[in-house]
Amino acid sequence: MIARLAGRLVESGIDHLVIDVGGVGYLVQASARTLAAIGPAGEAAMVFTEMQVREDAITLFGFATAGERDWFRLLTGVQGVGGRVALAILSVLDPAELSRAVSSGDKAMVARANGVGPKLAMRIVNELR
């Protein structure tokens, strides 16, 4: 398991970044919040990571904070929430906002994320409460 990456940011896109660590470029999927926090290309960068291994892919997800990574783990534990949906939620809600939404049962706040309908938002709030 890869827990974090520290190196030089080579590039970033709308949903990913590439970090060069010792001459190896790691493609890391990331939320808009993490992409905004990581800094400009060419600079030193560090991200906490979560690696998902599926039958057809191995994907690294990166986070600016350990709290964001912890929420990603919780979200992907909910049925119907994959890595992309979890990143969409973390792009619109920071960990504190997400915690408030879950504790207060605010499914509308969770449903603001792309790809999250009312039924999925309700399932997320109910399972994580």
# chains A, B, ... in the order shown; residues from 1 in each chain; ligands from 1
call {"tool": "select_by_dssp", "arguments": {"residues": "segment 44-104 of chain A", "states": "strand (DSSP E)", "output": "NGL selection string"}}
result
:A and (44-53 or 58-63)
call {"tool": "residues_around", "arguments": {"residues": "segment 98-109 of chain A", "least_positions_apart": "4", "cutoff": "10 Å", "atoms": "only C-alpha atoms", "output": "PyMOL selection string"}}
result
chain A and resi 68+71+89-90+92-94+113+116-129
call {"tool": "select_by_dssp", "arguments": {"residues": "segment 68-124 of chain A", "states": "alpha helix (DSSP H)", "output": "ChimeraX atom specification"}}
result
/A:68-76,83-92,95-104,107-110,118-124
call {"tool": "closest_residue", "arguments": {"among": "A:Leu27, A:Val21, A:Val85, A:Leu60", "to": "Ala45 of chain A", "atoms": "only C-alpha atoms"}}
result
A:Val21
call {"tool": "atom_distance", "arguments": {"atom1": "atom CA of Leu5 of chain A", "atom2": "atom CA of Val78 of chain A"}}
result
26.1 Å
call {"tool": "closest_residue", "arguments": {"among": "A:Asp70, A:Ile14, A:Ile2, A:Ala37", "to": "Met51 of chain A", "atoms": "only C-alpha atoms"}}
result
A:Ile2
call {"tool": "atom_distance", "arguments": {"atom1": "atom CA of Thr34 of chain A", "atom2": "atom CA of Asp15 of chain A"}}
result
9.6 Å
call {"tool": "closest_residue", "arguments": {"among": "A:Gly83, A:Gly115, A:Gly7, A:Pro95", "to": "Glu43 of chain A", "atoms": "only C-alpha atoms"}}
result
A:Gly7
